[in-house]
Amino acid sequence: MIIPPLLLKSLATATRVAALTGAGISAESGVPTFRGANGLWKEMRAEELASMEGFLKNPALVWEWYAHRRAILQTVQPNAGHRALVDLERLYPGLVVITQNVDGLHRRAGSSRVYELHGNIERNSCTACGEPHPSTAVALRDGRPMCTRCGGLVRPDVVWFGELLPEEEWEESVRASRAADLFLSIGTSGLVFPAASLPLVARDAGAVVVEVNPEESPLTVAADVSLRGPAGEVLPALVEAARGVTRSPRA
Ligand code: BJW
Ligand code: ZN
């Protein structure tokens, strides 16, 4: 992989690095993305499943989708892309991972500063009384997830369309994006806001913005550098390049 001079220069001088990740970084672990050829579940759009409207219309169906995804997560491991971000954190202490993913794979890989903008699939809570429910032990009635305390519907603790992102994670993510001198946008279609605005926030504040994606995306025009390829191949190459240009390699 050829790393353009602008990026080499940025890797040599950067002190604050932030990475926004999307479903694409987990694709090589075997986690389906949301959009594109392998991204559809039962040919339904994300908006039909990941919204309160969709959930209330058919709670059993939406619950089945989450159960299916949780079952996949039981069988997968972080991949070379996740691990490369851990390696980059060693070279750039304080590196922030801002993820739209709910799969917990960045933490499992060992990244220490992770902001989960869209929640985490491991948790659930009751829509009526707020009671937390472990993901493995939710009672079902006709396939509908029911709260054993009040009889309300239980939902995953993730952010659906039309819902606000967790305030602290969002504010910290904006802060890290504004402060970054190097901003990586990895494996995201750039279609879902407000997460998709973070590369623009970083660019407007002066960061070098790098897109890592095998395909073009709406973020491509905002990126200073586009590295076309799977994250599991591109990010380890980026780590090697960073090791070559940082003055005192720490890993
Ligand atoms: C690889 C690869 C490999 C493949 N290596 N790459 C401004 C403008 C327009 C609309 C809005 C706006 N502001 C808000 C909105 C509305 C809405 C929105 O954005 N709609 C758009 C779709 C038009 N946003 C919201 O509603 C958000 N809330 C909000 O704004 O609150 C304020 C508000 C309140 C009330 C009313 C209005 C506003 C919330 C958004 C929540 C999104 N939730 C989901 C589900 C999370 C839970 C779960 O996981 O089940 O988040 S939807 C889904 O999309 C999920 C993802 O995190 C998100 C983004 O998807 P992502 O990660 O980009 O994946 P894909 O599949 O789209 O793309 C994968 C990419 O990887 C592709 O590019 C591949 O090429 C690439 N790839 N293999 C690297 N190996
Ligand atoms: Zn309840």
# chains A, B, ... in the order shown; residues from 1 in each chain; ligands from 1
>>> residues_near_ligand(ligand="ligand 1", cutoff="8 Å", atoms="only C-alpha atoms and all ligand atoms", output="ChimeraX atom specification")
/A:21-28,32-36,39,46-47,49-51,66,81,99-103,117-121,158-165,186-196,212-217,229-232
>>> closest_atom_pairs(of="chain A", to="ligand 2", cutoff="6 Å", atoms="only C-alpha atoms and all ligand atoms", output="JSON lines")
{"residue": "A:Cys126", "atom": "CA", "partner": "ligand 2", "partner_atom_place_in_ligand_line": "1 (Zn)", "distance": 4.6}
{"residue": "A:Ala128", "atom": "CA", "partner": "ligand 2", "partner_atom_place_in_ligand_line": "1 (Zn)", "distance": 5.1}
{"residue": "A:Cys129", "atom": "CA", "partner": "ligand 2", "partner_atom_place_in_ligand_line": "1 (Zn)", "distance": 4.1}
{"residue": "A:Gly130", "atom": "CA", "partner": "ligand 2", "partner_atom_place_in_ligand_line": "1 (Zn)", "distance": 5.9}
{"residue": "A:Glu131", "atom": "CA", "partner": "ligand 2", "partner_atom_place_in_ligand_line": "1 (Zn)", "distance": 5.4}
{"residue": "A:Cys147", "atom": "CA", "partner": "ligand 2", "partner_atom_place_in_ligand_line": "1 (Zn)", "distance": 4.6}
{"residue": "A:Arg149", "atom": "CA", "partner": "ligand 2", "partner_atom_place_in_ligand_line": "1 (Zn)", "distance": 5.1}
{"residue": "A:Cys150", "atom": "CA", "partner": "ligand 2", "partner_atom_place_in_ligand_line": "1 (Zn)", "distance": 4.1}
{"residue": "A:Gly151", "atom": "CA", "partner": "ligand 2", "partner_atom_place_in_ligand_line": "1 (Zn)", "distance": 5.8}
{"residue": "A:Gly152", "atom": "CA", "partner": "ligand 2", "partner_atom_place_in_ligand_line": "1 (Zn)", "distance": 4.9}
>>> atom_distance(atom1="CA of Val174 in chain A", atom2="CA of Leu198 in chain A")
6.7 Å
>>> select_by_dssp(residues="range 12-111 of chain A", states="strand (DSSP E or B)", output="list in words")
Val17, Ala18, Ala19, Leu20, Thr21, Trp41, Met44, Ser51, Val96, Val97, Ile98 and Thr99 of chain A
>>> closest_residue(among="A:Pro199, A:Pro218, A:Ala60, A:Glu171", to="Ala139 in chain A", atoms="only C-alpha atoms")
A:Ala60
>>> residues_around(residues="Met1 in chain A", least_positions_apart="4", cutoff="12 Å", atoms="only C-alpha atoms", output="JSON, numbers by chain")
{"A": [226, 227, 228, 229, 230, 233, 234, 235, 236, 237, 238, 239, 240, 241]}
>>> closest_residue(among="A:Ala18, A:Val225, A:Ile98, A:Leu105", to="Gln74 in chain A", atoms="only C-alpha atoms")
A:Leu105
>>> atom_distance(atom1="CA of Ala223 in chain A", atom2="CA of Ser29 in chain A")
25.7 Å
>>> closest_residue(among="A:Arg16, A:Arg203, A:Arg155, A:Arg45", to="Glu89 in chain A", atoms="only C-alpha atoms")
A:Arg16
>>> atom_distance(atom1="CA of Pro93 in chain A", atom2="CA of Val76 in chain A")
27.4 Å
